[in-house]
>>> print(open('model.txt').read())   # compact mmCIF, C-alpha atoms
# COMPACT_ATOMS: atom_id res chain seq x y z
CA MET A 1 119.74 104.10 92.11
CA ASP A 2 117.52 101.54 93.83
CA VAL A 3 114.88 99.92 91.64
CA ARG A 4 111.43 100.66 93.05
CA VAL A 5 108.02 99.18 92.27
CA ILE A 6 105.79 102.18 91.57
CA ASP A 7 102.10 102.46 90.75
CA LEU A 8 100.96 105.11 88.27
CA ASN A 9 97.39 106.31 88.75
CA ALA A 10 95.11 108.82 87.07
CA ASP A 11 91.62 110.17 87.73
CA LEU A 12 89.28 108.76 85.08
CA GLY A 13 85.60 108.64 84.20
CA GLU A 14 85.21 112.33 85.00
CA GLY A 15 82.44 113.04 82.56
CA HIS A 16 78.68 113.20 82.93
CA GLY A 17 76.20 112.24 80.24
CA PRO A 18 77.51 113.34 76.82
CA TRP A 19 80.12 115.65 78.37
CA ARG A 20 83.61 114.18 78.68
CA MET A 21 86.61 115.62 80.51
CA THR A 22 89.20 112.85 80.47
CA ASP A 23 90.63 110.76 77.62
CA ASP A 24 89.87 107.50 79.39
CA GLU A 25 90.83 105.22 76.51
CA ALA A 26 94.31 106.70 76.08
CA LEU A 27 95.05 106.96 79.81
CA LEU A 28 93.95 103.39 80.52
CA GLU A 29 96.66 102.20 78.13
CA ILE A 30 99.30 104.03 80.18
CA VAL A 31 98.42 103.85 83.88
CA THR A 32 98.45 100.86 86.22
CA SER A 33 95.57 102.09 88.41
CA ALA A 34 92.43 104.07 87.55
CA ASN A 35 90.66 106.30 90.07
CA VAL A 36 87.12 106.14 88.73
CA ALA A 37 84.63 108.91 89.53
CA CYS A 38 81.59 107.44 91.30
CA GLY A 39 78.91 109.97 90.44
CA ALA A 40 79.43 112.50 93.25
CA HIS A 41 81.81 115.03 91.67
CA ALA A 42 81.63 113.55 88.16
CA GLY A 43 80.82 110.30 86.41
CA ASP A 44 77.61 108.42 85.75
CA ALA A 45 76.51 104.81 85.48
CA ALA A 46 77.34 104.38 81.80
CA THR A 47 80.79 105.93 82.21
CA MET A 48 81.58 103.84 85.28
CA ARG A 49 80.54 100.69 83.44
CA TRP A 50 82.65 101.44 80.35
CA VAL A 51 85.77 102.37 82.33
CA CYS A 52 85.48 99.23 84.46
CA GLU A 53 85.09 97.03 81.39
CA ARG A 54 88.08 98.58 79.62
CA ALA A 55 90.22 98.55 82.76
CA ALA A 56 89.46 94.87 83.23
CA GLU A 57 90.48 94.15 79.62
CA LEU A 58 93.80 95.95 80.10
CA GLY A 59 94.56 94.64 83.59
CA VAL A 60 94.36 98.09 85.18
CA ALA A 61 93.41 98.17 88.87
CA ILE A 62 90.18 100.02 89.70
CA GLY A 63 89.86 102.48 92.57
CA ALA A 64 86.76 104.31 93.80
CA HIS A 65 87.31 108.07 93.47
CA VAL A 66 84.89 109.18 96.20
CA ALA A 67 83.97 112.81 96.79
CA TYR A 68 81.64 115.31 98.35
CA ARG A 69 78.36 115.35 96.40
CA ASP A 70 79.17 118.41 94.31
CA LEU A 71 78.69 118.04 90.56
CA ALA A 72 78.45 121.80 90.04
CA GLY A 73 81.77 122.43 91.78
CA PHE A 74 83.52 119.29 90.52
CA GLY A 75 84.04 118.24 94.14
CA ARG A 76 86.53 121.03 94.77
CA ARG A 77 84.36 123.07 97.14
CA ASN A 78 84.90 122.46 100.85
CA MET A 79 81.73 121.21 102.57
CA ASP A 80 80.69 120.51 106.13
CA VAL A 81 78.94 117.15 105.85
CA ASP A 82 77.54 115.27 108.82
CA PRO A 83 80.00 112.39 109.50
CA HIS A 84 77.23 109.75 109.51
CA ASP A 85 75.93 111.02 106.18
CA LEU A 86 79.43 111.21 104.70
CA ALA A 87 80.26 107.65 105.76
CA SER A 88 77.02 106.40 104.22
CA ASP A 89 77.64 108.27 100.98
CA VAL A 90 81.22 107.02 100.68
CA ALA A 91 80.00 103.43 101.11
CA LEU A 92 77.30 104.04 98.49
CA GLN A 93 79.78 105.43 95.96
CA ILE A 94 82.13 102.47 96.40
CA GLY A 95 79.24 100.03 96.13
CA ALA A 96 77.99 101.60 92.91
CA LEU A 97 81.40 101.23 91.27
CA GLU A 98 81.81 97.70 92.62
CA VAL A 99 78.67 96.60 90.78
CA PHE A 100 80.23 97.49 87.44
CA ALA A 101 83.68 96.20 88.39
CA ARG A 102 82.25 92.81 89.37
CA ALA A 103 80.19 92.66 86.19
CA ALA A 104 83.41 93.25 84.23
CA GLY A 105 85.11 90.35 86.02
CA THR A 106 87.23 92.39 88.41
CA ARG A 107 86.67 94.41 91.61
CA VAL A 108 87.30 97.73 93.27
CA SER A 109 90.79 97.38 94.77
CA TYR A 110 91.25 100.68 96.64
CA VAL A 111 89.73 104.06 97.43
CA LYS A 112 90.95 107.60 96.79
CA PRO A 113 89.11 110.71 98.04
CA HIS A 114 88.82 113.47 95.47
CA GLY A 115 89.43 117.20 95.55
CA ALA A 116 88.15 119.03 98.61
CA LEU A 117 87.50 115.77 100.44
CA TYR A 118 91.09 114.61 99.81
CA ASN A 119 92.44 117.85 101.26
CA ARG A 120 89.96 117.89 104.15
CA VAL A 121 90.80 114.41 105.43
CA ALA A 122 94.45 115.44 105.56
CA TYR A 123 93.74 117.65 108.59
CA ASP A 124 90.14 117.03 109.79
CA ASP A 125 89.83 114.04 112.13
CA ASP A 126 86.03 113.89 112.00
CA GLN A 127 85.83 113.87 108.21
CA ALA A 128 88.74 111.44 108.00
CA LEU A 129 87.05 109.02 110.39
CA ALA A 130 83.80 109.32 108.45
CA VAL A 131 85.51 108.42 105.18
CA LEU A 132 87.24 105.46 106.82
CA GLU A 133 83.92 104.30 108.28
CA GLY A 134 82.37 104.38 104.82
CA VAL A 135 85.31 102.48 103.36
CA ALA A 136 85.09 99.91 106.16
CA ILE A 137 81.36 99.39 105.51
CA ALA A 138 82.10 98.68 101.84
CA ALA A 139 85.12 96.53 102.66
CA ARG A 140 83.12 94.33 105.03
CA ALA A 141 80.40 93.89 102.41
CA MET A 142 83.01 93.01 99.78
CA GLY A 143 84.97 90.72 102.09
CA ALA A 144 88.31 92.39 101.42
CA ALA A 145 90.32 95.33 102.73
CA LEU A 146 90.25 98.54 100.68
CA PRO A 147 93.48 100.58 100.92
CA VAL A 148 93.00 104.36 100.93
CA LEU A 149 95.38 106.67 99.06
CA SER A 150 96.46 109.76 101.01
CA LEU A 151 99.18 112.32 101.48
CA PRO A 152 101.95 111.33 103.89
CA GLY A 153 101.14 112.46 107.42
CA ALA A 154 97.44 112.94 106.66
CA ARG A 155 94.96 112.48 109.51
CA ILE A 156 93.19 109.80 107.52
CA ALA A 157 96.44 107.83 107.51
CA ALA A 158 96.77 108.24 111.28
CA HIS A 159 93.33 106.66 111.74
CA ALA A 160 93.77 103.88 109.18
CA THR A 161 92.18 100.55 110.07
CA GLU A 162 92.47 96.89 109.16
CA HIS A 163 89.64 97.31 106.66
CA ALA A 164 91.02 100.59 105.31
CA PRO A 165 94.83 100.73 105.49
CA ALA A 166 96.55 103.91 104.31
CA VAL A 167 98.82 104.04 101.27
CA VAL A 168 101.05 107.05 100.56
CA GLU A 169 100.56 108.87 97.26
CA GLY A 170 102.65 111.44 95.45
CA PHE A 171 101.67 113.88 92.68
CA ALA A 172 103.73 114.30 89.55
CA ASP A 173 101.81 117.35 88.35
CA ARG A 174 101.31 119.33 91.56
CA ALA A 175 103.72 121.68 93.31
CA TYR A 176 104.71 121.00 96.90
CA ASP A 177 105.24 123.73 99.50
CA SER A 178 107.00 121.25 101.79
CA PRO A 179 107.42 117.46 101.76
CA GLY A 180 103.95 115.93 101.67
CA THR A 181 102.13 119.30 101.52
CA LEU A 182 100.52 120.32 98.23
CA ARG A 183 100.39 123.97 97.25
CA PRO A 184 96.72 125.11 97.15
CA ARG A 185 95.29 125.28 93.64
CA SER A 186 94.37 128.91 94.27
CA GLU A 187 98.05 129.88 94.38
CA PRO A 188 100.33 130.49 91.36
CA GLY A 189 102.34 127.51 90.16
CA ALA A 190 100.23 124.97 92.06
CA VAL A 191 99.71 122.83 88.95
CA LEU A 192 102.56 121.74 86.68
CA HIS A 193 101.76 121.68 82.97
CA ALA A 194 104.94 120.83 81.03
CA PRO A 195 105.19 117.04 80.46
CA ALA A 196 108.98 117.09 80.87
CA GLU A 197 108.68 118.88 84.22
CA ILE A 198 105.96 116.48 85.36
CA ALA A 199 108.06 113.47 84.36
CA ALA A 200 111.09 114.84 86.20
CA GLN A 201 109.07 115.29 89.38
CA ALA A 202 107.73 111.73 89.10
CA VAL A 203 111.27 110.34 88.94
CA LEU A 204 112.28 112.54 91.87
CA LEU A 205 109.39 111.18 93.94
CA ALA A 206 110.07 107.57 92.97
CA SER A 207 113.77 107.92 93.78
CA SER A 208 113.34 109.65 97.14
CA ALA A 209 114.35 108.10 100.44
CA GLU A 210 110.69 107.33 101.25
CA PRO A 211 108.97 106.97 97.88
CA PRO A 212 105.18 106.92 97.60
CA ALA A 213 103.55 103.63 96.65
CA SER A 214 101.60 105.41 93.92
CA ILE A 215 102.16 108.49 91.76
CA CYS A 216 99.23 110.43 90.32
CA VAL A 217 98.88 112.30 87.05
CA HIS A 218 95.60 114.20 86.92
CA GLY A 219 93.45 113.15 84.00
CA ASP A 220 91.60 116.47 83.64
CA SER A 221 94.52 118.59 82.43
CA PRO A 222 94.80 119.41 78.70
CA ALA A 223 98.13 117.59 78.36
CA ALA A 224 97.19 114.67 80.62
CA VAL A 225 97.88 111.91 78.09
CA GLU A 226 101.19 113.40 76.96
CA ALA A 227 102.23 113.93 80.59
CA ALA A 228 101.27 110.38 81.60
CA ARG A 229 103.26 108.93 78.70
CA ALA A 230 106.25 111.08 79.67
CA VAL A 231 106.00 109.96 83.30
CA ARG A 232 105.80 106.29 82.37
CA ALA A 233 108.73 106.58 79.97
CA ALA A 234 110.83 108.45 82.54
CA LEU A 235 110.10 105.91 85.29
CA ASP A 236 110.95 103.06 82.90
CA GLU A 237 114.19 104.77 81.87
CA ALA A 238 115.10 105.26 85.55
CA GLY A 239 114.75 101.51 86.02
CA HIS A 240 111.61 101.50 88.15
CA LEU A 241 108.95 98.82 87.76
CA LEU A 242 105.41 99.97 87.02
CA ARG A 243 102.82 97.86 88.82
CA ALA A 244 99.48 98.46 90.57
CA PHE A 245 99.92 98.78 94.34
CA ALA A 246 96.58 97.04 94.90
CA PRO A 247 95.97 94.72 91.93
CA ALA A 248 92.62 93.03 91.56
CA PRO A 249 92.58 89.31 92.40
>>> encode(input="model.txt", output="structure tokens")
Amino acid sequence: MDVRVIDLNADLGEGHGPWRMTDDEALLEIVTSANVACGAHAGDAATMRWVCERAAELGVAIGAHVAYRDLAGFGRRNMDVDPHDLASDVALQIGALEVFARAAGTRVSYVKPHGALYNRVAYDDDQALAVLEGVAIAARAMGAALPVLSLPGARIAAHATEHAPAVVEGFADRAYDSPGTLRPRSEPGAVLHAPAEIAAQAVLLASSAEPPASICVHGDSPAAVEAARAVRAALDEAGHLLRAFAPAP
């Protein structure tokens, strides 16, 4: 088996006020990259600040987990947002997280759309271009490119730019209907729950002919920490190297 360098990411900071969904402390000690909610689907200023500070301490790369502005629906409701407005909002979300990342001595290294937006930019050219425009605005202000995580073959990847290059991502805890196509969450078996099954899928993805640069374990599942530990252990045992695909400078 070829040894691959693989990034392990998880969605973090998905709380709001006193309510917490993800075990950020435990997951930050396992993953190599953290997709941090930027206040649109979840997250708030205090949570963003704490996650950035802890990620910086542990050497975990920080990514902006941008989304449709949908706290009530956790960003999983499809929305028709004007492209100009969406681009502006994506830039704003990245900028908000960058403030706390910089204050912690690091920076936002990449961007990952969340939920409905992630699925939408896989097939919708207008929404994909809007997200990339927002990323490019933030990247120019920051003076560095911001890679964007996406499914293989997604429209957002087809429109990737110098400021916002595309990076292929795989999911350890989601079922695939075909290579690169996630089964909709509304269908049975769309989400994997058993840590052993999730770990096995992660190794399968990492060992494939065209492995993703990053593998995601969702942080909002009840067994997220156990699953992430199982994935990391399985990838280590398979001989793969765990490293952020877009480390902070």
>>> closest_residue(input="model.txt", among="A:Leu192, A:Ala45, A:Arg69, A:Leu27", to="Leu8 (chain A)", atoms="only C-alpha atoms")
A:Leu27
>>> residues_around(input="model.txt", residues="region 242-245 of chain A", least_positions_apart="5", cutoff="9 Å", atoms="all atoms listed in the file", output="list in words")
Arg4, Val5, Ile6, Asp7, Leu8, Asn9, Val31, Thr32, Ser33, Val60, Ala61, Val167, Ala213, Ser214, Arg232, Leu235 and Asp236 of chain A
>>> residues_around(input="model.txt", residues="region 197-203 of chain A", least_positions_apart="5", cutoff="10 Å", atoms="all atoms listed in the file", output="ChimeraX atom specification")
/A:8,170-175,191-192,208,211,215-217,227-240
>>> residues_around(input="model.txt", residues="region 110-116 of chain A", least_positions_apart="2", cutoff="6 Å", atoms="all atoms listed in the file", output="list in words")
Gly63, Ala64, His65, Val66, Ala67, Gly75, Arg76, Arg77, Asn78, Val108, Tyr118, Asn119, Arg120, Leu146, Pro147, Val148 and Leu149 of chain A
>>> closest_residue(input="model.txt", among="A:Ala103, A:Val3, A:Ala164, A:Val51", to="Glu25 (chain A)", atoms="only C-alpha atoms")
A:Val51
>>> decode(input="model.txt", residues="region 149-191 of chain A", atoms="N, CA and C atoms", output="compact mmCIF listing (two decimals), in the first residue's frame")
# COMPACT_ATOMS: atom_id res chain seq x y z
N LEU A 149 -12.51 23.43 0.13
CA LEU A 149 -12.82 22.00 0.14
C LEU A 149 -14.12 21.73 -0.61
N SER A 150 -14.13 20.68 -1.43
CA SER A 150 -15.34 20.33 -2.18
C SER A 150 -15.33 18.86 -2.55
N LEU A 151 -16.49 18.39 -2.98
CA LEU A 151 -16.59 17.05 -3.53
C LEU A 151 -15.87 16.99 -4.88
N PRO A 152 -15.34 15.84 -5.24
CA PRO A 152 -14.74 15.72 -6.57
C PRO A 152 -15.80 15.93 -7.66
N GLY A 153 -15.44 16.69 -8.68
CA GLY A 153 -16.37 16.94 -9.77
C GLY A 153 -17.39 18.02 -9.50
N ALA A 154 -17.31 18.69 -8.36
CA ALA A 154 -18.26 19.74 -8.02
C ALA A 154 -18.07 20.94 -8.94
N ARG A 155 -19.16 21.68 -9.18
CA ARG A 155 -19.07 22.87 -10.03
C ARG A 155 -18.14 23.91 -9.42
N ILE A 156 -18.09 23.99 -8.11
CA ILE A 156 -17.20 24.96 -7.49
C ILE A 156 -15.74 24.64 -7.81
N ALA A 157 -15.44 23.35 -7.94
CA ALA A 157 -14.09 22.95 -8.31
C ALA A 157 -13.79 23.32 -9.76
N ALA A 158 -14.80 23.21 -10.62
CA ALA A 158 -14.61 23.54 -12.03
C ALA A 158 -14.32 25.01 -12.23
N HIS A 159 -14.80 25.86 -11.31
CA HIS A 159 -14.61 27.31 -11.42
C HIS A 159 -13.51 27.83 -10.51
N ALA A 160 -12.74 26.95 -9.91
CA ALA A 160 -11.71 27.36 -8.96
C ALA A 160 -10.77 28.39 -9.59
N THR A 161 -10.25 29.27 -8.75
CA THR A 161 -9.39 30.36 -9.21
C THR A 161 -8.05 30.34 -8.49
N GLU A 162 -7.18 31.24 -8.89
CA GLU A 162 -5.88 31.37 -8.24
C GLU A 162 -6.04 31.71 -6.77
N HIS A 163 -7.01 32.56 -6.46
CA HIS A 163 -7.22 32.96 -5.07
C HIS A 163 -7.97 31.89 -4.28
N ALA A 164 -8.73 31.04 -4.98
CA ALA A 164 -9.54 30.03 -4.32
C ALA A 164 -9.43 28.70 -5.04
N PRO A 165 -8.28 28.02 -4.93
CA PRO A 165 -8.12 26.71 -5.58
C PRO A 165 -8.97 25.66 -4.88
N ALA A 166 -9.39 24.65 -5.64
CA ALA A 166 -10.23 23.58 -5.09
C ALA A 166 -9.38 22.44 -4.55
N VAL A 167 -9.85 21.86 -3.45
CA VAL A 167 -9.19 20.71 -2.83
C VAL A 167 -10.25 19.64 -2.58
N VAL A 168 -9.97 18.43 -3.02
CA VAL A 168 -10.96 17.35 -2.92
C VAL A 168 -11.04 16.82 -1.49
N GLU A 169 -12.29 16.61 -1.06
CA GLU A 169 -12.56 16.11 0.29
C GLU A 169 -13.38 14.82 0.22
N GLY A 170 -13.13 13.93 1.17
CA GLY A 170 -13.91 12.73 1.31
C GLY A 170 -14.55 12.69 2.69
N PHE A 171 -15.60 11.88 2.85
CA PHE A 171 -16.33 11.80 4.12
C PHE A 171 -16.26 10.39 4.68
N ALA A 172 -15.73 10.29 5.88
CA ALA A 172 -15.62 8.98 6.51
C ALA A 172 -16.96 8.49 7.04
N ASP A 173 -17.85 9.43 7.39
CA ASP A 173 -19.09 9.04 8.07
C ASP A 173 -20.35 9.29 7.24
N ARG A 174 -20.19 9.41 5.92
CA ARG A 174 -21.35 9.56 5.04
C ARG A 174 -21.33 8.47 3.98
N ALA A 175 -22.51 7.99 3.61
CA ALA A 175 -22.63 6.97 2.57
C ALA A 175 -22.57 7.63 1.20
N TYR A 176 -21.98 6.93 0.26
CA TYR A 176 -21.87 7.40 -1.12
C TYR A 176 -22.80 6.57 -2.01
N ASP A 177 -23.53 7.24 -2.90
CA ASP A 177 -24.35 6.53 -3.88
C ASP A 177 -23.53 6.16 -5.11
N SER A 178 -22.50 6.93 -5.39
CA SER A 178 -21.54 6.66 -6.46
C SER A 178 -20.28 7.42 -6.10
N PRO A 179 -19.16 7.14 -6.73
CA PRO A 179 -17.92 7.86 -6.38
C PRO A 179 -18.10 9.37 -6.42
N GLY A 180 -17.86 10.02 -5.29
CA GLY A 180 -17.94 11.47 -5.23
C GLY A 180 -19.33 12.02 -5.01
N THR A 181 -20.36 11.16 -4.90
CA THR A 181 -21.73 11.62 -4.73
C THR A 181 -22.28 11.13 -3.39
N LEU A 182 -22.56 12.06 -2.49
CA LEU A 182 -23.07 11.69 -1.17
C LEU A 182 -24.55 11.35 -1.24
N ARG A 183 -24.95 10.35 -0.48
CA ARG A 183 -26.37 10.01 -0.37
C ARG A 183 -27.06 11.12 0.42
N PRO A 184 -28.19 11.64 -0.02
CA PRO A 184 -28.90 12.70 0.71
C PRO A 184 -29.22 12.27 2.14
N ARG A 185 -29.10 13.20 3.08
CA ARG A 185 -29.36 12.89 4.48
C ARG A 185 -30.80 12.43 4.72
N SER A 186 -31.70 12.77 3.82
CA SER A 186 -33.10 12.37 3.97
C SER A 186 -33.33 10.89 3.68
N GLU A 187 -32.33 10.21 3.12
CA GLU A 187 -32.48 8.81 2.77
C GLU A 187 -31.86 7.89 3.82
N PRO A 188 -32.41 6.68 3.98
CA PRO A 188 -31.88 5.74 4.98
C PRO A 188 -30.41 5.40 4.72
N GLY A 189 -29.65 5.30 5.81
CA GLY A 189 -28.26 4.89 5.70
C GLY A 189 -27.32 5.97 5.21
N ALA A 190 -27.79 7.22 5.13
CA ALA A 190 -26.95 8.30 4.61
C ALA A 190 -25.80 8.63 5.54
N VAL A 191 -26.00 8.44 6.83
CA VAL A 191 -24.98 8.77 7.83
C VAL A 191 -24.51 7.49 8.51
